[in-house]
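Heads up, work15.cif below (mmCIF, C-alpha atoms):
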data_final
#
loop_
_atom_site.label_atom_id
_atom_site.label_comp_id
_atom_site.auth_asym_id
_atom_site.auth_seq_id
_atom_site.Cartn_x
_atom_site.Cartn_y
_atom_site.Cartn_z
CA MET R 294 -13.07 -13.81 5.67
CA HIS R 295 -9.74 -13.07 7.31
CA THR R 296 -7.53 -16.09 7.88
CA ALA R 297 -4.48 -15.97 10.16
CA LEU R 298 -2.03 -18.85 10.53
CA THR R 299 1.28 -18.88 12.40
CA ILE R 300 3.76 -21.78 12.52
CA VAL R 301 6.85 -21.55 14.72
CA ALA R 302 9.58 -24.20 14.48
CA GLU R 303 12.27 -24.46 17.15
CA ARG R 304 15.09 -26.92 17.39
CA GLY R 305 14.32 -29.94 19.57
CA ARG R 306 10.54 -29.52 19.76
CA SER R 307 7.43 -29.96 17.60
CA PRO R 308 6.19 -26.98 15.58
CA ARG R 309 3.76 -24.68 17.35
CA ILE R 310 0.62 -23.71 15.42
CA ARG R 311 -1.92 -20.94 15.87
CA ALA R 312 -4.77 -20.71 13.35
CA SER R 313 -8.07 -18.93 12.82
CA GLY R 314 -10.37 -18.51 9.84
CA GLY R 315 -10.32 -20.68 6.73
CA LEU R 316 -7.07 -22.62 7.30
CA ALA R 317 -6.03 -25.22 9.83
CA ALA R 318 -2.75 -27.09 10.16
CA ARG R 319 -1.74 -30.55 11.34
CA ILE R 320 1.66 -31.90 12.34
CA THR R 321 2.28 -34.91 10.09
CA GLY R 322 5.93 -35.61 10.92
CA PRO R 323 8.66 -34.51 13.35
CA ASP R 324 9.29 -31.31 11.36
CA THR R 325 6.40 -31.42 8.87
CA VAL R 326 3.11 -29.52 8.85
CA HIS R 327 0.26 -29.89 6.34
CA LEU R 328 -2.21 -27.06 5.80
CA ILE R 329 -5.90 -28.00 5.59
CA SER R 330 -8.87 -25.94 4.40
CA ALA R 331 -11.31 -25.39 7.24
CA ALA R 332 -13.70 -23.40 5.03
CA ALA R 333 -14.14 -22.46 1.37
CA THR R 334 -11.31 -19.98 0.89
CA PRO R 335 -10.07 -17.93 -0.83
CA LEU R 336 -13.24 -16.29 -2.07
CA GLY R 337 -13.31 -12.74 -3.45
CA GLY R 338 -12.76 -10.39 -0.52
CA ASP R 339 -10.85 -12.96 1.56
CA HIS R 340 -7.36 -12.29 2.95
CA LEU R 341 -4.94 -14.97 4.15
CA GLU R 342 -2.06 -14.01 6.46
CA ILE R 343 0.47 -16.82 6.96
CA VAL R 344 3.52 -16.42 9.20
CA LEU R 345 6.38 -18.96 9.27
CA ARG R 346 9.22 -18.71 11.76
CA VAL R 347 12.10 -21.20 11.69
CA GLY R 348 14.42 -20.67 14.63
CA PRO R 349 18.19 -21.22 14.75
CA GLY R 350 19.11 -24.80 13.85
CA ALA R 351 15.48 -25.83 13.32
CA SER R 352 13.90 -27.54 10.33
CA LEU R 353 10.40 -27.11 8.91
CA THR R 354 8.54 -28.58 5.94
CA VAL R 355 5.17 -27.02 5.02
CA ARG R 356 2.85 -28.66 2.50
CA THR R 357 -0.88 -28.66 1.74
CA VAL R 358 -3.17 -31.68 1.53
CA ALA R 359 -4.76 -30.56 -1.76
CA ALA R 360 -4.80 -27.84 -4.38
CA ALA R 361 -6.58 -24.61 -3.45
CA LEU R 362 -9.35 -23.02 -5.51
CA ALA R 363 -9.79 -19.24 -5.72
CA LEU R 364 -13.39 -18.29 -6.47
CA PRO R 365 -15.03 -14.91 -7.09
CA GLY R 366 -17.21 -13.55 -4.32
CA ALA R 367 -20.72 -12.24 -4.77
CA GLU R 368 -19.52 -8.62 -4.63
CA GLU R 369 -15.73 -8.82 -4.80
CA LEU R 370 -13.44 -10.65 -7.27
CA VAL R 371 -10.05 -10.09 -5.60
CA SER R 372 -8.64 -12.33 -2.87
CA THR R 373 -5.19 -11.86 -1.34
CA ALA R 374 -2.60 -13.89 0.54
CA ARG R 375 0.51 -12.73 2.35
CA TRP R 376 3.32 -15.04 3.47
CA ASP R 377 5.71 -13.62 6.07
CA ILE R 378 8.69 -15.97 6.44
CA ARG R 379 11.89 -15.84 8.49
CA VAL R 380 14.52 -18.59 8.45
CA ASP R 381 17.27 -18.06 11.02
CA ARG R 382 20.90 -19.19 10.98
CA ASP R 383 21.56 -22.90 10.34
CA ALA R 384 17.80 -23.42 9.87
CA GLU R 385 16.05 -25.16 6.97
CA LEU R 386 12.68 -24.57 5.31
CA LEU R 387 10.87 -26.42 2.53
CA LEU R 388 7.65 -24.66 1.52
CA ASP R 389 5.90 -26.72 -1.16
CA PRO R 390 2.12 -26.17 -1.30
CA GLU R 391 -0.10 -27.73 -3.94
CA PRO R 392 -1.17 -25.41 -6.80
CA MET R 393 -3.57 -22.50 -6.57
CA VAL R 394 -6.27 -22.87 -9.24
CA VAL R 395 -7.95 -19.57 -10.11
CA ALA R 396 -11.50 -20.02 -11.38
CA ALA R 397 -13.07 -17.88 -14.10
CA ASP R 398 -13.61 -14.24 -13.02
CA ALA R 399 -11.58 -14.66 -9.82
CA ASP R 400 -8.46 -12.56 -9.18
CA HIS R 401 -5.97 -13.92 -6.62
CA ARG R 402 -2.90 -11.99 -5.51
CA THR R 403 -0.06 -13.27 -3.35
CA HIS R 404 2.89 -11.57 -1.72
CA THR R 405 5.73 -13.46 -0.06
CA ARG R 406 8.31 -11.77 2.16
CA LEU R 407 11.30 -13.95 3.03
CA GLU R 408 14.17 -13.19 5.39
CA LEU R 409 17.11 -15.61 5.54
CA THR R 410 20.77 -15.75 6.51
CA SER R 411 23.89 -16.94 4.72
CA SER R 412 23.69 -20.24 6.65
CA SER R 413 19.96 -20.81 6.03
CA ARG R 414 18.75 -23.51 3.63
CA VAL R 415 15.53 -22.65 1.83
CA THR R 416 13.32 -23.98 -0.95
CA VAL R 417 10.14 -22.01 -1.63
CA ARG R 418 7.82 -23.20 -4.43
CA GLU R 419 4.67 -21.58 -5.77
CA ARG R 420 2.39 -22.98 -8.47
CA ALA R 421 -0.70 -21.44 -10.02
CA GLN R 422 -3.10 -22.43 -12.79
CA ILE R 423 -5.59 -20.09 -14.46
CA GLY R 424 -8.95 -21.74 -14.99
CA ARG R 425 -10.50 -25.09 -14.30
CA THR R 426 -11.20 -27.45 -17.20
CA GLY R 427 -12.70 -25.45 -20.05
CA GLU R 428 -12.20 -22.07 -18.32
CA ARG R 429 -9.97 -19.28 -19.60
CA GLY R 430 -10.92 -16.46 -17.27
CA GLY R 431 -9.29 -15.54 -14.00
CA ARG R 432 -6.16 -13.64 -13.00
CA TRP R 433 -3.25 -14.37 -10.69
CA SER R 434 -0.26 -12.34 -9.56
CA GLY R 435 2.58 -13.32 -7.27
CA ALA R 436 5.35 -11.19 -5.74
CA LEU R 437 8.41 -12.54 -3.93
CA HIS R 438 10.73 -10.28 -1.93
CA ALA R 439 13.71 -12.06 -0.36
CA ASP R 440 16.41 -10.52 1.83
CA LEU R 441 19.72 -12.18 2.74
CA ASP R 442 21.35 -10.98 5.97
CA GLY R 443 19.29 -7.80 5.73
CA MET R 444 20.26 -7.05 2.13
CA PRO R 445 18.13 -7.58 -1.00
CA LEU R 446 18.47 -11.04 -2.55
CA LEU R 447 15.49 -11.02 -4.94
CA ARG R 448 12.60 -8.84 -6.06
CA HIS R 449 10.34 -10.82 -8.37
CA ARG R 450 6.77 -10.50 -9.65
CA LEU R 451 4.69 -12.49 -12.15
CA GLU R 452 1.16 -12.11 -13.52
CA LEU R 453 -1.10 -14.51 -15.40
CA GLY R 454 -4.46 -14.08 -17.09
CA ALA R 455 -6.33 -11.77 -19.42
CA GLY R 456 -5.26 -8.14 -19.22
CA THR R 457 -1.79 -8.86 -17.80
CA VAL R 458 1.42 -7.81 -19.55
CA GLY R 459 2.37 -11.28 -20.80
CA HIS R 460 -1.08 -12.26 -22.06
CA ASP R 461 -1.48 -11.56 -25.78
CA LEU R 462 -2.31 -13.30 -29.05
CA LEU R 463 1.24 -14.63 -29.49
CA ASP R 464 1.82 -15.94 -26.00
CA SER R 465 -0.69 -16.42 -23.20
CA PRO R 466 0.71 -18.67 -20.45
CA MET R 467 -1.94 -19.98 -18.09
CA ALA R 468 0.26 -21.75 -15.54
CA VAL R 469 3.38 -20.95 -13.56
CA GLN R 470 5.77 -22.78 -11.29
CA SER R 471 8.28 -20.65 -9.40
CA GLU R 472 11.06 -21.99 -7.17
CA LEU R 473 13.59 -20.13 -5.05
CA VAL R 474 16.48 -22.29 -3.79
CA PHE R 475 19.20 -21.14 -1.40
CA PRO R 476 22.01 -22.04 -1.39
CA ASP R 477 22.30 -23.30 -4.97
CA GLU R 478 25.42 -23.37 -7.14
CA ARG R 479 23.84 -24.90 -10.26
CA SER R 480 24.39 -23.12 -13.55
CA ALA R 481 21.74 -21.28 -15.55
CA VAL R 482 19.27 -23.32 -17.61
CA VAL R 483 16.94 -22.21 -20.39
CA GLU R 484 14.60 -24.76 -21.98
CA ARG R 485 11.73 -24.33 -24.40
CA TYR R 486 9.25 -27.11 -24.99
CA PRO R 487 7.86 -28.11 -28.42
CA ALA R 488 4.29 -27.97 -27.12
CA GLY R 489 4.85 -24.48 -25.73
CA GLY R 490 6.15 -23.09 -22.47
CA SER R 491 9.61 -22.69 -21.01
CA TRP R 492 11.75 -23.47 -17.98
CA VAL R 493 14.39 -20.98 -16.84
CA ARG R 494 16.73 -21.25 -13.86
CA MET R 495 18.80 -18.16 -13.08
CA PRO R 496 21.61 -17.95 -10.50
CA LEU R 497 21.19 -14.96 -8.18
CA ALA R 498 24.00 -12.47 -7.66
CA ALA R 499 24.13 -13.00 -3.89
CA GLY R 500 23.70 -16.79 -4.13
CA GLY R 501 20.90 -19.26 -4.71
CA SER R 502 18.71 -19.51 -7.78
CA LEU R 503 15.27 -18.69 -9.12
CA GLY R 504 13.53 -21.17 -11.40
CA THR R 505 10.41 -20.28 -13.37
CA ARG R 506 8.27 -22.41 -15.66
CA LEU R 507 5.52 -20.85 -17.78
CA GLY R 508 3.11 -22.81 -19.95
CA ARG R 509 -0.47 -23.66 -20.76
CA ALA R 510 -0.76 -26.14 -17.90
CA LEU R 511 1.24 -27.18 -14.88
CA ALA R 512 3.70 -29.99 -15.37
CA THR R 513 6.41 -31.71 -13.38
CA VAL R 514 9.79 -30.14 -14.05
CA ASN R 515 13.10 -31.76 -13.17
CA SER R 516 14.96 -28.73 -11.87
#
Would you give me this structure, written as C-alpha coordinates?
Amino acid sequence: MHTALTIVAERGRSPRIRASGGLAARITGPDTVHLISAAATPLGGDHLEIVLRVGPGASLTVRTVAAALALPGAEELVSTARWDIRVDRDAELLLDPEPMVVAADADHRTHTRLELTSSSRVTVRERAQIGRTGERGGRWSGALHADLDGMPLLRHRLELGAGTVGHDLLDSPMAVQSELVFPDERSAVVERYPAGGSWVRMPLAAGGSLGTRLGRALATVNS
(Lines of atoms letter the chains of each structure in order from A and count residues from 1; the text may use other names and numbers.)
(Lines give C-alpha, C1' and ligand atoms only; values in the text may rest on other atoms or scores of the structure.)
Protein backbone atom coordinates (compact mmCIF):
# COMPACT_ATOMS: atom_id res chain seq x y z
CA MET A 1 0.00 0.00 0.00
CA HIS A 2 1.19 3.51 -0.80
CA THR A 3 0.07 6.17 1.65
CA ALA A 4 0.35 9.89 0.86
CA LEU A 5 -0.44 12.62 3.37
CA THR A 6 0.13 16.37 3.02
CA ILE A 7 -0.51 18.99 5.70
CA VAL A 8 -0.10 22.68 4.89
CA ALA A 9 -0.23 25.29 7.67
CA GLU A 10 -0.61 28.98 6.85
CA ARG A 11 -0.87 31.89 9.22
CA GLY A 12 -4.44 32.93 10.00
CA ARG A 13 -6.21 29.81 8.69
CA SER A 14 -6.79 26.17 9.64
CA PRO A 15 -4.35 23.54 8.34
CA ARG A 16 -5.18 22.06 4.95
CA ILE A 17 -5.03 18.26 4.67
CA ARG A 18 -4.84 15.90 1.72
CA ALA A 19 -4.65 12.16 2.44
CA SER A 20 -4.90 8.83 0.66
CA GLY A 21 -4.04 5.27 1.63
CA GLY A 22 -3.55 4.05 5.19
CA LEU A 23 -3.46 7.38 7.05
CA ALA A 24 -6.06 10.05 7.71
CA ALA A 25 -5.76 13.27 9.68
CA ARG A 26 -8.12 15.34 11.81
CA ILE A 27 -7.84 18.93 12.99
CA THR A 28 -8.08 18.78 16.80
CA GLY A 29 -7.16 22.38 17.66
CA PRO A 30 -6.52 25.74 15.97
CA ASP A 31 -3.01 24.64 14.90
CA THR A 32 -3.09 20.95 15.84
CA VAL A 33 -3.54 17.87 13.66
CA HIS A 34 -3.75 14.25 14.82
CA LEU A 35 -2.90 11.41 12.45
CA ILE A 36 -5.24 8.40 12.44
CA SER A 37 -4.75 4.94 10.93
CA ALA A 38 -7.32 4.32 8.21
CA ALA A 39 -5.98 0.82 7.51
CA ALA A 40 -3.45 -1.65 8.93
CA THR A 41 -0.17 0.02 8.00
CA PRO A 42 2.76 -0.22 7.78
CA LEU A 43 2.92 -3.80 6.57
CA GLY A 44 5.92 -5.20 4.71
CA GLY A 45 5.95 -3.61 1.27
CA ASP A 46 4.08 -0.47 2.37
CA HIS A 47 5.45 3.04 1.82
CA LEU A 48 4.29 6.16 3.67
CA GLU A 49 4.99 9.60 2.19
CA ILE A 50 4.21 12.46 4.59
CA VAL A 51 4.69 16.11 3.62
CA LEU A 52 4.50 18.96 6.15
CA ARG A 53 4.64 22.60 5.09
CA VAL A 54 4.57 25.38 7.68
CA GLY A 55 4.35 28.78 6.02
CA PRO A 56 5.85 32.07 7.23
CA GLY A 57 4.59 32.99 10.70
CA ALA A 58 2.41 29.87 10.97
CA SER A 59 2.30 27.27 13.73
CA LEU A 60 1.63 23.54 13.47
CA THR A 61 1.51 20.69 15.97
CA VAL A 62 1.32 17.13 14.58
CA ARG A 63 0.60 14.15 16.83
CA THR A 64 -0.84 10.65 16.44
CA VAL A 65 -3.78 9.17 18.34
CA ALA A 66 -1.95 5.91 19.13
CA ALA A 67 1.29 4.02 18.66
CA ALA A 68 1.87 2.46 15.24
CA LEU A 69 2.69 -1.20 14.66
CA ALA A 70 4.96 -2.34 11.83
CA LEU A 71 4.17 -5.90 10.74
CA PRO A 72 5.83 -8.18 8.19
CA GLY A 73 3.96 -8.76 4.96
CA ALA A 74 3.26 -12.14 3.44
CA GLU A 75 6.06 -11.71 0.88
CA GLU A 76 7.96 -8.61 2.01
CA LEU A 77 9.42 -7.70 5.43
CA VAL A 78 10.51 -4.10 4.77
CA SER A 79 8.21 -1.10 5.11
CA THR A 80 9.35 2.50 4.61
CA ALA A 81 8.28 6.00 5.60
CA ARG A 82 9.52 9.34 4.32
CA TRP A 83 8.84 12.67 6.04
CA ASP A 84 9.41 15.78 3.91
CA ILE A 85 9.22 18.86 6.15
CA ARG A 86 9.72 22.58 5.53
CA VAL A 87 9.35 25.23 8.24
CA ASP A 88 9.57 28.77 6.90
CA ARG A 89 10.72 31.97 8.61
CA ASP A 90 9.10 32.83 11.96
CA ALA A 91 7.15 29.55 11.78
CA GLU A 92 6.87 26.87 14.48
CA LEU A 93 6.51 23.09 14.27
CA LEU A 94 6.07 20.44 16.96
CA LEU A 95 6.13 16.92 15.51
CA ASP A 96 5.53 14.42 18.30
CA PRO A 97 4.04 11.10 17.10
CA GLU A 98 3.49 8.13 19.39
CA PRO A 99 6.09 5.33 19.14
CA MET A 100 6.56 2.95 16.24
CA VAL A 101 6.53 -0.64 17.53
CA VAL A 102 8.27 -3.07 15.18
CA ALA A 103 6.94 -6.61 15.49
CA ALA A 104 9.09 -9.74 15.17
CA ASP A 105 10.46 -10.25 11.62
CA ALA A 106 9.35 -6.79 10.45
CA ASP A 107 11.87 -4.24 9.19
CA HIS A 108 10.77 -0.58 9.23
CA ARG A 109 12.89 2.22 7.79
CA THR A 110 12.25 5.95 8.09
CA HIS A 111 13.86 8.96 6.47
CA THR A 112 13.13 12.54 7.54
CA ARG A 113 14.20 15.55 5.50
CA LEU A 114 13.83 18.88 7.31
CA GLU A 115 14.37 22.38 5.94
CA LEU A 116 14.25 25.32 8.36
CA THR A 117 15.45 28.90 8.71
CA SER A 118 17.34 30.75 11.42
CA SER A 119 14.02 32.19 12.69
CA SER A 120 12.14 28.86 12.65
CA ARG A 121 11.24 27.05 15.89
CA VAL A 122 11.21 23.28 15.59
CA THR A 123 10.89 20.21 17.79
CA VAL A 124 10.92 16.86 15.99
CA ARG A 125 10.64 13.67 18.07
CA GLU A 126 10.85 10.05 16.94
CA ARG A 127 10.41 6.98 19.13
CA ALA A 128 10.72 3.32 18.21
CA GLN A 129 10.51 0.04 20.10
CA ILE A 130 11.70 -3.32 18.77
CA GLY A 131 9.28 -6.11 19.58
CA ARG A 132 5.97 -6.44 21.34
CA THR A 133 5.84 -8.14 24.74
CA GLY A 134 8.02 -11.24 24.62
CA GLU A 135 9.37 -10.50 21.12
CA ARG A 136 13.02 -9.82 20.30
CA GLY A 137 12.94 -9.87 16.52
CA GLY A 138 12.42 -6.95 14.20
CA ARG A 139 14.61 -4.16 12.87
CA TRP A 140 14.27 -0.39 12.67
CA SER A 141 16.39 2.34 11.14
CA GLY A 142 15.87 6.08 11.12
CA ALA A 143 17.71 8.81 9.21
CA LEU A 144 17.35 12.55 9.82
CA HIS A 145 18.77 15.14 7.42
CA ALA A 146 18.24 18.75 8.50
CA ASP A 147 19.28 21.89 6.60
CA LEU A 148 19.39 25.41 8.07
CA ASP A 149 19.06 28.26 5.55
CA GLY A 150 20.16 25.86 2.83
CA MET A 151 23.25 24.64 4.68
CA PRO A 152 23.67 21.30 6.50
CA LEU A 153 22.58 21.37 10.15
CA LEU A 154 22.49 17.64 10.91
CA ARG A 155 23.06 14.26 9.28
CA HIS A 156 22.03 11.51 11.68
CA ARG A 157 21.17 7.81 11.40
CA LEU A 158 20.34 5.11 13.96
CA GLU A 159 19.59 1.39 13.70
CA LEU A 160 18.04 -1.06 16.15
CA GLY A 161 17.61 -4.83 16.09
CA ALA A 162 19.49 -8.01 15.33
CA GLY A 163 22.19 -7.66 12.71
CA THR A 164 22.66 -3.89 13.18
CA VAL A 165 25.99 -2.34 14.19
CA GLY A 166 25.01 -1.60 17.80
CA HIS A 167 23.40 -4.96 18.52
CA ASP A 168 25.83 -7.38 20.18
CA LEU A 169 26.23 -9.50 23.31
CA LEU A 170 27.46 -6.55 25.39
CA ASP A 171 24.87 -3.99 24.39
CA SER A 172 21.65 -4.51 22.46
CA PRO A 173 19.32 -1.50 22.80
CA MET A 174 15.76 -2.23 21.74
CA ALA A 175 14.26 1.26 22.04
CA VAL A 176 15.19 4.76 20.93
CA GLN A 177 13.91 8.27 21.48
CA SER A 178 15.40 10.97 19.28
CA GLU A 179 14.66 14.70 19.57
CA LEU A 180 15.86 17.59 17.44
CA VAL A 181 15.23 21.04 18.97
CA PHE A 182 15.92 24.36 17.26
CA PRO A 183 16.78 26.85 18.59
CA ASP A 184 18.24 25.43 21.79
CA GLU A 185 21.06 26.88 23.88
CA ARG A 186 21.13 24.19 26.59
CA SER A 187 24.47 22.60 27.38
CA ALA A 188 25.46 19.02 26.61
CA VAL A 189 24.14 16.24 28.84
CA VAL A 190 25.29 12.63 29.17
CA GLU A 191 23.44 10.30 31.54
CA ARG A 192 23.68 6.56 32.03
CA TYR A 193 21.02 4.67 33.93
CA PRO A 194 21.71 1.88 36.47
CA ALA A 195 19.22 -0.42 34.75
CA GLY A 196 20.88 0.17 31.38
CA GLY A 197 20.49 2.73 28.64
CA SER A 198 21.64 6.30 28.23
CA TRP A 199 20.45 9.81 27.46
CA VAL A 200 22.69 12.18 25.48
CA ARG A 201 21.94 15.75 24.40
CA MET A 202 24.48 17.33 22.05
CA PRO A 203 24.51 20.99 20.96
CA LEU A 204 24.81 21.35 17.18
CA ALA A 205 27.50 23.52 15.63
CA ALA A 206 25.01 25.71 13.75
CA GLY A 207 22.55 25.89 16.67
CA GLY A 208 19.92 23.69 18.25
CA SER A 209 20.45 20.30 19.82
CA LEU A 210 20.02 16.59 19.23
CA GLY A 211 18.92 14.37 22.11
CA THR A 212 19.06 10.58 21.92
CA ARG A 213 17.99 7.96 24.44
CA LEU A 214 18.82 4.29 23.93
CA GLY A 215 17.64 1.48 26.18
CA ARG A 216 15.77 -1.77 26.51
CA ALA A 217 12.38 -0.06 26.57
CA LEU A 218 10.96 3.37 25.97
CA ALA A 219 10.73 5.65 28.96
CA THR A 220 9.85 9.25 29.67
CA VAL A 221 12.95 11.43 29.66
CA ASN A 222 13.09 14.93 31.10
CA SER A 223 15.17 16.63 28.45
Considering all atoms listed in the file, tabulate each residue of region 408-444 of chain R that lies at most 10 Å from region 334-350 of chain R along with its nearest interatomic pair and the corresponding distance in Å to one decimal; arrange the rows by chain and ascending residue number and present them as CSV.
residue,atom,partner,partner_atom,distance
R:Glu408,CA,R:Arg346,CA,9.8
R:Leu409,CA,R:Val347,CA,9.7
R:Ser412,CA,R:Gly350,CA,9.7
R:Ser413,CA,R:Gly350,CA,8.8
(request) Can you give me, as a list in words, the residues this file yields under the PyMOL selection byres ((chain R and resi 439) around 9)? (result) Thr405, Arg406, Leu407, Glu408, Leu409, Leu437, His438, Asp440, Leu441, Met444, Pro445, Leu446, Leu447, Arg448 and His449 of chain R
(request) Could you tell me which residues the PyMOL selection byres ((chain R and resi 495) around 9) grabs in this file, written as a PyMOL selection string? (result) chain R and resi 479-483+493-494+496-497+501-505
Excluding same-chain residues fewer than 4 positions from Arg450 (chain R), what lies within 8 Å of it counting all atoms listed in the file, as a PDB file with C-alpha atoms, in the frame of the given file?
ATOM      1  CA  SER R 434      -0.260 -12.340  -9.560  1.00  0.00           C
ATOM      2  CA  GLY R 435       2.580 -13.320  -7.270  1.00  0.00           C
ATOM      3  CA  ALA R 436       5.350 -11.190  -5.740  1.00  0.00           C
ATOM      4  CA  LEU R 437       8.410 -12.540  -3.930  1.00  0.00           C
TER       5      LEU R 437
END
(message) Which residues, named as in the file, does the PyMOL selection byres ((chain R and resi 392) around 10) pick out? Answer as a ChimeraX atom specification.
(response) /R:357,359-362,389-391,393-395,418-422,468-470,511
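Interatomic distance, CA of Ala512 (chain R) to CA of Asp398 (chain R): 23.5 Å.
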(request) Determine the nearest neighbour of Thr296 (chain R) from the options R:Gly430, R:Pro308, R:Gly490, R:Gly315, counting only C-alpha atoms. (result)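 The closest residue to Thr296 (chain R) is R:Gly315.
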(request) Determine the nearest neighbour of Leu386 (chain R) from the options R:Tyr486, R:Ala317, R:Val326, R:Leu298, counting all atoms listed in the file. (result) R:Val326
(request) Between CA of Gly431 (chain R) and CA of Ala332 (chain R), measure the distance and give it in Å to one decimal. (result) 21.1 Å
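Closest to Leu353 (chain R) among R:Gly366, R:Gly443, R:Gly305, R:Gly314 is R:Gly305, based on all atoms listed in the file.
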(request) Quick one: pull the distance between CA of Leu387 (chain R) and CA of Trp492 (chain R), Å, one decimal. (result)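 Here the two named atoms are 20.7 Å from each other.
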(message) When you count all atoms listed in the file, which of these residues is closest to Thr403 (chain R): R:Arg382, R:Ala363, R:Glu369, R:Arg425?
(response) R:Ala363
(request) Around the point (-10.4, -14.7, -14.0) in the file's coordinates, collect all residues with an atom within 10 Å, using all atoms listed in the file, and return them as a ChimeraX atom specification. (result) /R:363-365,370-371,395-401,423-424,428-433,453-456
(message) What's around Ile320 (chain R) at 10 Å? Count all atoms listed in the file, leave out sequence neighbours fewer than 3 positions away in its own chain, and write the answer as JSON, numbers by chain.
(response) {"R": [307, 308, 309, 310, 323, 324, 325, 326, 327, 328, 354, 355]}
(request) For each of R:Leu316, R:Glu472, R:Leu451, R:Asp442, take the minimum atom-to-atom distance to Leu388 (chain R), counting only C-alpha atoms, then give the residue where this is smallest. (result)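 Closest to Leu388 (chain R), using only C-alpha atoms: R:Glu472.
Distances from R:Ala499, R:Val474, R:Ala318, R:Val417 to Ala331 (chain R) were compared using only C-alpha atoms, and the smallest one belongs to R:Ala318.
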Axis-aligned box for region 410-425 of chain R, 6 Å per side, centre and edges in Å as lines of an AutoDock Vina configuration file:
center_x = 6.7
center_y = -20.4
center_z = -4.2
size_x = 46.4
size_y = 21.3
size_z = 33.6
